[in-house]
>>> print(open('coords-v3.cif').read())   # mmCIF, C-alpha atoms (C1' of nucleotides)
data_target
#
loop_
_atom_site.label_atom_id
_atom_site.label_comp_id
_atom_site.auth_asym_id
_atom_site.auth_seq_id
_atom_site.Cartn_x
_atom_site.Cartn_y
_atom_site.Cartn_z
CA MET A 190 -3.42 0.96 1.64
CA PRO A 191 -2.95 -2.39 0.02
CA GLU A 192 -0.32 -4.34 1.94
CA LEU A 193 0.59 -8.01 1.64
CA PRO A 194 -2.83 -9.38 2.74
CA GLU A 195 -4.75 -7.09 0.40
CA VAL A 196 -2.44 -7.77 -2.55
CA GLU A 197 -2.57 -11.52 -1.87
CA THR A 198 -6.38 -11.36 -1.83
CA VAL A 199 -6.41 -9.53 -5.16
CA ARG A 200 -3.97 -12.04 -6.63
CA ALA A 201 -5.91 -15.07 -5.43
CA GLN A 202 -9.25 -13.79 -6.71
CA LEU A 203 -7.88 -12.63 -10.04
CA GLU A 204 -5.83 -15.75 -10.71
CA PRO A 205 -8.65 -18.00 -12.01
CA LYS A 206 -10.03 -15.15 -14.12
CA LEU A 207 -6.69 -14.35 -15.76
CA VAL A 208 -4.59 -17.48 -16.12
CA GLY A 209 -4.87 -18.95 -19.62
CA ARG A 210 -6.53 -15.83 -20.99
CA ARG A 211 -5.18 -13.65 -23.79
CA LEU A 212 -5.21 -9.85 -23.52
CA ALA A 213 -7.46 -8.92 -26.42
CA ASP A 214 -7.34 -5.17 -25.92
CA VAL A 215 -5.55 -2.84 -23.52
CA GLN A 216 -6.47 0.80 -22.89
CA ILE A 217 -4.35 2.97 -20.59
CA ALA A 218 -5.79 6.38 -19.81
CA ASP A 219 -3.21 7.72 -17.36
CA HIS A 220 0.23 8.66 -18.64
CA ARG A 221 1.67 8.40 -15.11
CA LEU A 222 0.73 4.74 -14.75
CA THR A 223 3.54 3.39 -16.93
CA ARG A 224 6.16 6.05 -16.21
CA PRO A 225 8.73 6.47 -17.61
CA HIS A 226 7.31 4.53 -20.53
CA ASP A 227 4.71 5.68 -23.01
CA PRO A 228 1.34 4.15 -22.02
CA THR A 229 0.32 3.76 -25.66
CA VAL A 230 3.43 1.72 -26.36
CA VAL A 231 2.98 -0.41 -23.24
CA ALA A 232 -0.67 -1.04 -24.11
CA ALA A 233 0.32 -2.16 -27.61
CA GLU A 234 3.02 -4.47 -26.23
CA LEU A 235 0.61 -6.04 -23.76
CA THR A 236 -2.03 -6.69 -26.38
CA GLY A 237 -1.92 -10.31 -27.51
CA GLU A 238 0.02 -11.58 -24.52
CA ARG A 239 -1.28 -14.75 -22.86
CA VAL A 240 -1.24 -15.03 -19.06
CA THR A 241 0.48 -18.10 -17.65
CA ALA A 242 0.57 -17.23 -13.94
CA LEU A 243 -0.47 -14.63 -11.43
CA ASP A 244 2.00 -14.34 -8.56
CA ARG A 245 2.68 -11.94 -5.72
CA ARG A 246 5.99 -10.70 -4.40
CA GLY A 247 5.83 -8.27 -1.48
CA LYS A 248 3.15 -5.78 -2.48
CA TYR A 249 3.59 -6.39 -6.22
CA VAL A 250 1.12 -8.30 -8.35
CA VAL A 251 3.24 -10.27 -10.82
CA VAL A 252 1.51 -11.08 -14.11
CA ARG A 253 3.53 -13.64 -16.07
CA PHE A 254 3.06 -14.08 -19.80
CA LYS A 255 3.78 -16.96 -22.16
CA SER A 256 6.36 -14.78 -23.92
CA GLY A 257 8.38 -14.66 -20.71
CA ARG A 258 7.60 -11.02 -20.17
CA VAL A 259 6.18 -9.90 -16.84
CA LEU A 260 3.85 -7.07 -15.85
CA LEU A 261 4.57 -5.76 -12.35
CA ILE A 262 1.57 -3.97 -10.87
CA HIS A 263 1.91 -1.96 -7.66
CA LEU A 264 -1.30 -0.57 -6.18
CA ARG A 265 0.45 1.81 -3.77
CA MET A 266 -2.19 3.75 -1.83
CA THR A 267 -5.47 3.60 -3.70
CA GLY A 268 -5.02 1.23 -6.64
CA GLN A 269 -7.78 -1.31 -7.34
CA LEU A 270 -7.98 -4.25 -9.73
CA LEU A 271 -11.57 -5.21 -10.49
CA HIS A 272 -12.87 -8.05 -12.61
CA VAL A 273 -16.00 -7.32 -14.61
CA PRO A 274 -17.71 -10.32 -16.24
CA ALA A 275 -18.61 -10.16 -19.93
CA GLY A 276 -21.81 -8.27 -20.56
CA LEU A 277 -21.68 -6.10 -17.46
CA HIS A 278 -19.40 -3.38 -18.80
CA ASP A 279 -20.43 0.20 -18.10
CA SER A 280 -23.44 -0.99 -16.18
CA ALA A 281 -24.49 0.38 -12.83
CA GLY A 282 -23.28 -2.88 -11.39
CA LEU A 283 -19.65 -1.98 -11.93
CA HIS A 284 -19.98 1.31 -10.14
CA ASP A 285 -21.74 -0.47 -7.34
CA LEU A 286 -18.92 -2.97 -7.12
CA ALA A 287 -16.32 -0.24 -7.04
CA GLY A 288 -17.96 1.39 -4.06
CA LEU A 289 -18.96 4.52 -5.90
CA HIS A 290 -22.24 5.25 -4.22
CA ASP A 291 -22.73 8.98 -3.98
CA GLY A 292 -25.39 8.68 -1.33
CA SER A 293 -28.15 10.10 -3.50
CA GLY A 294 -29.19 6.78 -4.95
CA SER A 295 -27.90 7.71 -8.41
CA LEU A 296 -24.67 6.39 -9.85
CA PRO A 297 -22.10 8.28 -11.89
CA VAL A 298 -22.13 7.59 -15.61
CA ASP A 299 -18.35 7.88 -15.89
CA ASP A 300 -15.74 6.71 -13.46
CA PRO A 301 -13.10 9.45 -13.36
CA HIS A 302 -10.67 7.18 -11.52
CA ARG A 303 -10.60 4.41 -14.10
CA ARG A 304 -7.00 4.48 -15.33
CA ALA A 305 -6.82 1.35 -17.48
CA VAL A 306 -8.99 -1.45 -18.85
CA VAL A 307 -7.84 -4.83 -20.13
CA ARG A 308 -10.33 -6.75 -22.26
CA LEU A 309 -9.70 -10.49 -22.01
CA ASP A 310 -10.41 -12.99 -24.76
CA ASP A 311 -13.48 -14.29 -22.90
CA GLY A 312 -15.10 -10.84 -23.07
CA SER A 313 -14.53 -9.97 -19.43
CA ASP A 314 -12.61 -6.89 -18.30
CA VAL A 315 -9.93 -6.22 -15.74
CA VAL A 316 -10.44 -2.61 -14.67
CA TYR A 317 -7.71 -0.67 -12.94
CA ARG A 318 -8.86 2.24 -10.73
CA ASP A 319 -6.58 4.55 -8.77
CA VAL A 320 -7.80 7.75 -7.10
CA ARG A 321 -4.40 9.11 -6.19
CA ARG A 322 -2.43 7.81 -9.16
CA PHE A 323 0.52 6.51 -7.16
CA GLY A 324 0.15 3.04 -8.60
CA THR A 325 2.48 1.74 -11.31
CA TRP A 326 2.47 -0.76 -14.18
CA LEU A 327 5.90 -1.86 -15.31
CA LEU A 328 6.34 -4.24 -18.23
CA ILE A 329 9.61 -6.14 -17.90
CA GLU A 330 11.46 -8.21 -20.46
CA PRO A 331 12.22 -11.91 -19.84
CA GLY A 332 15.01 -12.44 -17.35
CA GLU A 333 14.94 -8.92 -15.96
CA VAL A 334 12.23 -9.40 -13.36
CA ASP A 335 14.26 -11.38 -10.82
CA PRO A 336 17.07 -8.82 -10.55
CA TYR A 337 14.53 -6.00 -10.46
CA LEU A 338 12.69 -7.51 -7.51
CA ALA A 339 15.79 -8.79 -5.74
CA GLN A 340 17.16 -5.27 -5.68
CA ARG A 341 14.05 -3.91 -3.99
CA LEU A 342 12.59 -6.66 -1.85
CA GLY A 343 13.72 -8.71 1.10
CA ARG A 344 12.23 -11.93 2.36
CA GLU A 345 8.63 -13.03 2.09
CA PRO A 346 7.36 -13.03 5.67
CA LEU A 347 4.99 -15.95 5.12
CA ALA A 348 7.50 -18.16 3.30
CA PRO A 349 8.75 -21.19 5.28
CA ALA A 350 12.30 -19.88 4.90
CA PHE A 351 11.42 -16.77 6.88
CA THR A 352 12.42 -17.84 10.37
CA ALA A 353 12.92 -15.80 13.54
CA ARG A 354 16.65 -16.11 12.88
CA ARG A 355 16.23 -14.47 9.47
CA LEU A 356 14.23 -11.67 11.03
CA GLY A 357 16.96 -11.20 13.60
CA GLU A 358 19.53 -10.92 10.82
CA ALA A 359 17.45 -8.27 9.09
CA LEU A 360 17.23 -6.20 12.29
CA ALA A 361 20.75 -6.72 13.59
CA GLY A 362 22.85 -3.62 14.11
CA ARG A 363 20.11 -1.23 13.15
CA LYS A 364 19.49 1.82 15.28
CA ALA A 365 16.32 2.86 13.46
CA PRO A 366 12.99 2.30 15.23
CA VAL A 367 11.82 -1.28 14.82
CA LYS A 368 8.74 -0.02 13.03
CA ALA A 369 10.88 1.67 10.37
CA ALA A 370 12.91 -1.52 10.03
CA ILE A 371 9.94 -3.80 9.38
CA LEU A 372 8.50 -1.25 6.93
CA ASP A 373 11.74 -1.39 4.92
CA GLN A 374 10.80 -3.50 1.91
CA ARG A 375 14.43 -4.41 1.24
CA ARG A 376 14.50 -6.19 4.60
CA LEU A 377 11.02 -7.62 4.67
CA ALA A 378 8.61 -7.57 1.74
CA GLY A 379 4.95 -6.74 2.20
CA VAL A 380 4.47 -5.19 5.62
CA GLY A 381 2.96 -1.69 5.51
CA ASN A 382 1.83 0.81 8.10
CA ILE A 383 -1.25 -1.04 9.29
CA TYR A 384 0.19 -4.53 9.71
CA ALA A 385 3.38 -3.11 11.23
CA ASP A 386 1.36 -1.63 14.10
CA GLU A 387 -0.72 -4.78 14.44
CA ALA A 388 2.37 -7.01 14.50
CA LEU A 389 4.15 -4.87 17.10
CA TRP A 390 1.07 -4.93 19.34
CA ARG A 391 0.92 -8.72 19.12
CA ALA A 392 4.61 -8.90 19.98
CA GLN A 393 4.22 -6.34 22.79
CA ILE A 394 7.06 -4.24 21.40
CA HIS A 395 7.14 -0.44 21.36
CA PRO A 396 7.31 0.83 17.76
CA GLN A 397 10.22 3.16 18.59
CA ARG A 398 12.49 0.53 20.10
CA PRO A 399 15.81 0.52 18.23
CA ALA A 400 15.59 -2.50 15.94
CA GLY A 401 19.02 -3.84 16.78
CA GLU A 402 18.36 -3.85 20.52
CA LEU A 403 15.58 -6.41 20.53
CA THR A 404 16.24 -9.51 22.61
CA GLU A 405 16.08 -12.98 21.11
CA ALA A 406 12.71 -13.51 22.79
CA GLU A 407 11.38 -10.24 21.39
CA ILE A 408 12.56 -11.14 17.90
CA ALA A 409 10.76 -14.47 18.20
CA ALA A 410 7.61 -12.70 19.37
CA LEU A 411 7.84 -10.20 16.52
CA HIS A 412 8.30 -13.01 14.04
CA ARG A 413 5.13 -14.65 15.33
CA GLY A 414 3.33 -11.28 15.46
CA ILE A 415 4.14 -10.37 11.87
CA ARG A 416 3.01 -13.73 10.53
CA ALA A 417 -0.13 -13.85 12.67
CA ALA A 418 -1.17 -10.33 11.69
CA LEU A 419 -0.62 -11.00 7.98
CA ARG A 420 -2.44 -14.35 8.10
CA ALA A 421 -5.38 -12.77 9.91
CA GLY A 422 -5.50 -10.11 7.19
CA ILE A 423 -5.54 -12.69 4.41
CA ALA A 424 -8.22 -14.72 6.19
CA ARG A 425 -10.42 -11.58 6.29
CA GLN A 426 -9.67 -10.69 2.67
CA GLY A 427 -7.78 -7.59 3.71
CA ALA A 428 -8.81 -4.35 5.37
CA THR A 429 -11.04 -1.72 3.76
CA LEU A 430 -10.57 1.75 5.21
CA ARG A 431 -11.87 3.59 2.18
CA ASP A 432 -10.61 2.51 -1.22
CA TYR A 433 -9.52 -1.12 -1.05
CA ARG A 434 -11.85 -3.65 -2.69
CA THR A 435 -11.43 -7.24 -3.76
CA PRO A 436 -11.56 -7.83 -7.55
CA GLY A 437 -15.21 -8.80 -7.06
CA GLY A 438 -15.91 -5.42 -5.47
CA ALA A 439 -16.33 -6.59 -1.89
CA SER A 440 -14.88 -4.82 1.11
CA GLY A 441 -12.33 -6.59 3.25
CA GLN A 442 -13.22 -7.38 6.86
CA MET A 443 -9.88 -7.10 8.63
CA GLN A 444 -10.58 -3.51 9.74
CA HIS A 445 -13.00 -4.96 12.28
CA GLU A 446 -10.19 -7.01 13.80
CA PHE A 447 -7.63 -4.25 14.31
CA LYS A 448 -6.09 -4.32 17.78
CA VAL A 449 -4.57 -0.83 17.60
CA TYR A 450 -4.63 0.73 14.14
CA GLY A 451 -6.87 3.80 14.14
CA ARG A 452 -8.20 3.03 17.63
CA THR A 453 -7.06 6.13 19.54
CA GLY A 454 -8.50 6.17 23.07
CA GLU A 455 -10.14 2.76 22.84
CA PRO A 456 -9.17 0.19 25.48
CA CYS A 457 -6.37 -2.24 24.73
CA GLU A 458 -7.86 -5.72 24.37
CA ARG A 459 -5.05 -7.13 26.53
CA CYS A 460 -4.78 -4.65 29.40
CA GLY A 461 -7.55 -2.10 29.05
CA SER A 462 -5.28 0.93 28.74
CA PRO A 463 -6.28 3.51 26.14
CA ILE A 464 -4.57 3.11 22.77
CA GLU A 465 -2.36 6.07 21.87
CA LYS A 466 -1.38 7.59 18.56
CA ILE A 467 2.14 8.85 17.97
CA ARG A 468 4.36 9.48 14.99
CA ALA A 469 7.01 6.84 14.28
CA ALA A 470 9.04 6.24 11.13
CA GLY A 471 7.24 9.29 9.73
CA ARG A 472 3.89 7.52 9.92
CA GLY A 473 0.80 7.62 12.07
CA THR A 474 1.41 4.90 14.65
CA TRP A 475 -0.98 3.33 17.15
CA TYR A 476 0.13 1.25 20.12
CA CYS A 477 -0.68 0.40 23.72
CA PRO A 478 1.57 2.45 26.03
CA ALA A 479 1.05 -0.04 28.88
CA CYS A 480 1.93 -3.34 27.23
CA GLN A 481 4.31 -2.07 24.55
CA LYS A 482 7.04 -0.55 26.73
CA LEU A 483 9.93 1.46 25.35
CA SER A 484 12.32 -0.01 27.90
CA SER A 485 12.11 -3.68 28.83
"C1'" DA B 15 26.13 1.53 5.11
"C1'" DC B 16 22.62 3.72 7.60
"C1'" DC B 17 19.00 7.07 8.55
"C1'" DT B 18 15.65 10.86 7.88
"C1'" DC B 19 12.97 13.67 5.17
"C1'" DG B 20 10.74 15.60 0.97
"C1'" DT B 21 8.13 14.37 -3.13
"C1'" DC B 22 4.46 12.49 -5.75
"C1'" DC B 23 -1.17 12.74 -5.77
"C1'" DT B 24 -6.25 13.39 -4.59
"C1'" DG B 25 -10.07 13.90 -1.66
"C1'" DG B 26 -11.86 13.99 2.90
"C1'" DT B 27 -11.55 16.50 7.18
"C1'" DT B 28 -10.43 20.35 10.10
"C1'" DG B 29 -10.22 25.07 11.46
"C1'" DC B 30 -10.80 29.88 10.95
"C1'" DT C 263 -21.22 28.78 4.99
"C1'" DG C 264 -16.86 29.03 2.38
"C1'" DC C 265 -12.45 27.97 1.58
"C1'" DA C 266 -7.64 27.20 2.56
"C1'" DA C 267 -4.67 24.33 5.15
"C1'" DC C 268 -3.79 19.96 6.59
"C1'" DC C 269 -3.57 14.91 6.58
"C1'" DA C 270 -3.32 10.06 4.80
"C1'" DG C 271 1.19 6.97 3.25
"C1'" DG C 272 4.42 3.34 -0.41
"C1'" DA C 273 8.47 3.86 -2.81
"C1'" DC C 274 12.28 6.36 -4.06
"C1'" DG C 275 15.88 9.79 -4.27
"C1'" DA C 276 18.50 13.48 -1.96
"C1'" DG C 277 21.30 14.77 1.57
"C1'" DG C 278 23.42 14.23 6.21
#
>>> encode(input="coords-v3.cif", output="structure tokens")
Amino acid sequence: MPELPEVETVRAQLEPKLVGRRLADVQIADHRLTRPHDPTVVAAELTGERVTALDRRGKYVVVRFKSGRVLLIHLRMTGQLLHVPAGLHDSAGLHDLAGLHDGSGSLPVDDPHRRAVVRLDDGSDVVYRDVRRFGTWLLIEPGEVDPYLAQRLGREPLAPAFTARRLGEALAGRKAPVKAAILDQRRLAGVGNIYADEALWRAQIHPQRPAGELTEAEIAALHRGIRAALRAGIARQGATLRDYRTPGGASGQMQHEFKVYGRTGEPCERCGSPIEKIRAAGRGTWYCPACQKLSS
DNA sequence: ACCTCGTCCTGGTTGC
DNA sequence: TGCAACCAGGACGAGG
């Protein structure tokens, strides 16, 4: 599930491949990708655009064009953006990069999960894959992107302006579990299920604590925990559970560093107690019942 | 305003 | 062994 660290890794790796390039040809194979807009129309509008910047906001990849228009890409659960150098199209190498081994030593001729391909003016391709088709491409007219994002996204957790005080403001008065609160993109942009659990473990806070009841010290610890977990994820190029790949096709390494996520029954690194799995905020949630107490 | 839950979607896993 | 049920979860809208 691409969260902030995965999306930031994709952005950083794609940036030098995309900035300055013109979109020579755009093919969109999935009508859901550009909903509610017609993919053929979107593809035609994208063709000829020149990329001036590749940014990230929350979990969105923000592709900025010279025209002022912006393409917002959201990978949701299983979206991938892969860069394929000129001359390697449709080769076995691409399937290898995309992690499509079928275990028999042979590689599929067609990739059924390829939803879109952008040919750049240097002959390379940006391939968009998405098994579950939750991902979205939204082409936005100049001036409309800031209001669109402002309506949906809160603060960037790694920005200097995101202080413990700001986090406290976002959590104040809320009775929802703290995990639900930090997953709320309108409060905090970019934290998903994995890094929420990892951040709460670092802060030694129970995921079901009411968000508004955290003490000042706990808010400070959570602030540090969120930023440390996200930075660790970026440093490891994200976490690959199944689908996530960098644009070069590599797996992330952060899954090897998880303190709690997916580690049911394994000893807590801090206290040795077995990690437990519960359901919180409607999501699978892992935590240490000994050092993340519900009542402090 | 806040909060919870259902929906979208596919493929891997579980259970009978 | 076969096959249906279940599970994973980011964003969003419905309903309380």
>>> resolve_selection(input="coords-v3.cif", expression="the PyMOL selection byres ((chain A) within 9 of (chain B))", output="ChimeraX atom specification")
/A:320-323,363-365,470-471
>>> resolve_selection(input="coords-v3.cif", expression="the PyMOL selection byres ((chain C) within 12 of (chain A))", output="number ranges by chain")
C: 269-274
>>> write_last_selection(input="coords-v3.cif", atoms="C-alpha atoms (C1' of nucleotides)", output="PDB file, in the coordinates of the input")
ATOM      1  C1'  DC C 269      -3.570  14.910   6.580  1.00  0.00           C
ATOM      2  C1'  DA C 270      -3.320  10.060   4.800  1.00  0.00           C
ATOM      3  C1'  DG C 271       1.190   6.970   3.250  1.00  0.00           C
ATOM      4  C1'  DG C 272       4.420   3.340  -0.410  1.00  0.00           C
ATOM      5  C1'  DA C 273       8.470   3.860  -2.810  1.00  0.00           C
ATOM      6  C1'  DC C 274      12.280   6.360  -4.060  1.00  0.00           C
TER       7       DC C 274
END
>>> atom_distance(input="coords-v3.cif", atom1="atom CA of Ala348 of chain A", atom2="atom CA of Arg434 of chain A")
24.9 Å
>>> residues_around(input="coords-v3.cif", residues="Cys480 of chain A", least_positions_apart="6", cutoff="8 Å", atoms="only C-alpha atoms (C1' of nucleotides)", output="PDB file with C-alpha atoms, in the coordinates of the input")
ATOM      1  CA  GLN A 393       4.220  -6.340  22.790  1.00  0.00           C
ATOM      2  CA  ILE A 394       7.060  -4.240  21.400  1.00  0.00           C
ATOM      3  CA  ARG A 459      -5.050  -7.130  26.530  1.00  0.00           C
ATOM      4  CA  CYS A 460      -4.780  -4.650  29.400  1.00  0.00           C
TER       5      CYS A 460
END
>>> resolve_selection(input="coords-v3.cif", expression="the PyMOL selection byres ((chain A and resi 431) around 10)", output="list of chain:residue names")
A:Met190, A:Thr267, A:Gly288, A:Ala428, A:Thr429, A:Leu430, A:Asp432, A:Tyr433, A:Arg434, A:Ser440
>>> atom_distance(input="coords-v3.cif", atom1="atom CA of Pro399 of chain A", atom2="atom CA of Arg420 of chain A")
25.6 Å
>>> residues_around(input="coords-v3.cif", residues="segment 386-392 of chain A", least_positions_apart="2", cutoff="10 Å", atoms="only C-alpha atoms (C1' of nucleotides)", output="ChimeraX atom specification")
/A:367-368,371,380-384,394-396,406-419,446-451,457,459,473-478,480-481
>>> atom_distance(input="coords-v3.cif", atom1="atom CA of Arg308 of chain A", atom2="atom CA of His272 of chain A")
10.1 Å
>>> residues_around(input="coords-v3.cif", residues="Pro205 of chain A", least_positions_apart="6", cutoff="12 Å", atoms="only C-alpha atoms (C1' of nucleotides)", output="list in words")
Val199, Val240, Thr241, Ala242, Leu243, Asp244, His272 and Pro436 of chain A
>>> closest_residue(input="coords-v3.cif", among="A:Ile423, A:Val250, A:Val196, A:Leu212", to="Leu327 of chain A", atoms="only C-alpha atoms")
A:Val250
>>> closest_residue(input="coords-v3.cif", among="A:Ala439, A:Leu356, A:Ala201, A:Ile467", to="Arg452 of chain A", atoms="all atoms listed in the file")
A:Ile467
>>> build_atoms(input="coords-v3.cif", residues="segment 242-255 of chain A", atoms="N, CA and C atoms", output="PDB file, in the frame of the given file")
ATOM      1  N   ALA A 242       0.602 -17.147 -15.412  1.00  0.00           N
ATOM      2  CA  ALA A 242       0.570 -17.230 -13.940  1.00  0.00           C
ATOM      3  C   ALA A 242       0.329 -15.860 -13.358  1.00  0.00           C
ATOM      4  N   LEU A 243      -0.308 -15.863 -12.187  1.00  0.00           N
ATOM      5  CA  LEU A 243      -0.470 -14.630 -11.430  1.00  0.00           C
ATOM      6  C   LEU A 243       0.153 -14.858 -10.059  1.00  0.00           C
ATOM      7  N   ASP A 244       1.264 -14.163  -9.815  1.00  0.00           N
ATOM      8  CA  ASP A 244       2.000 -14.340  -8.560  1.00  0.00           C
ATOM      9  C   ASP A 244       1.953 -13.048  -7.756  1.00  0.00           C
ATOM     10  N   ARG A 245       2.502 -13.128  -6.557  1.00  0.00           N
ATOM     11  CA  ARG A 245       2.680 -11.940  -5.720  1.00  0.00           C
ATOM     12  C   ARG A 245       4.075 -11.970  -5.133  1.00  0.00           C
ATOM     13  N   ARG A 246       4.697 -10.807  -5.078  1.00  0.00           N
ATOM     14  CA  ARG A 246       5.990 -10.700  -4.400  1.00  0.00           C
ATOM     15  C   ARG A 246       5.946  -9.400  -3.618  1.00  0.00           C
ATOM     16  N   GLY A 247       6.025  -9.467  -2.286  1.00  0.00           N
ATOM     17  CA  GLY A 247       5.830  -8.270  -1.480  1.00  0.00           C
ATOM     18  C   GLY A 247       4.463  -7.692  -1.783  1.00  0.00           C
ATOM     19  N   LYS A 248       4.422  -6.424  -2.141  1.00  0.00           N
ATOM     20  CA  LYS A 248       3.150  -5.780  -2.480  1.00  0.00           C
ATOM     21  C   LYS A 248       2.929  -5.694  -3.984  1.00  0.00           C
ATOM     22  N   TYR A 249       3.758  -6.393  -4.766  1.00  0.00           N
ATOM     23  CA  TYR A 249       3.590  -6.390  -6.220  1.00  0.00           C
ATOM     24  C   TYR A 249       2.692  -7.544  -6.656  1.00  0.00           C
ATOM     25  N   VAL A 250       1.803  -7.254  -7.601  1.00  0.00           N
ATOM     26  CA  VAL A 250       1.120  -8.300  -8.350  1.00  0.00           C
ATOM     27  C   VAL A 250       2.004  -8.590  -9.553  1.00  0.00           C
ATOM     28  N   VAL A 251       2.323  -9.870  -9.752  1.00  0.00           N
ATOM     29  CA  VAL A 251       3.240 -10.270 -10.820  1.00  0.00           C
ATOM     30  C   VAL A 251       2.462 -11.049 -11.874  1.00  0.00           C
ATOM     31  N   VAL A 252       2.246 -10.425 -13.024  1.00  0.00           N
ATOM     32  CA  VAL A 252       1.510 -11.080 -14.110  1.00  0.00           C
ATOM     33  C   VAL A 252       2.523 -11.658 -15.088  1.00  0.00           C
ATOM     34  N   ARG A 253       2.549 -12.987 -15.192  1.00  0.00           N
ATOM     35  CA  ARG A 253       3.530 -13.640 -16.070  1.00  0.00           C
ATOM     36  C   ARG A 253       2.865 -14.040 -17.374  1.00  0.00           C
ATOM     37  N   PHE A 254       3.588 -13.776 -18.473  1.00  0.00           N
ATOM     38  CA  PHE A 254       3.060 -14.080 -19.800  1.00  0.00           C
ATOM     39  C   PHE A 254       3.846 -15.215 -20.447  1.00  0.00           C
ATOM     40  N   LYS A 255       3.177 -15.844 -21.444  1.00  0.00           N
ATOM     41  CA  LYS A 255       3.780 -16.960 -22.160  1.00  0.00           C
ATOM     42  C   LYS A 255       5.075 -16.556 -22.850  1.00  0.00           C
TER      43      LYS A 255
END
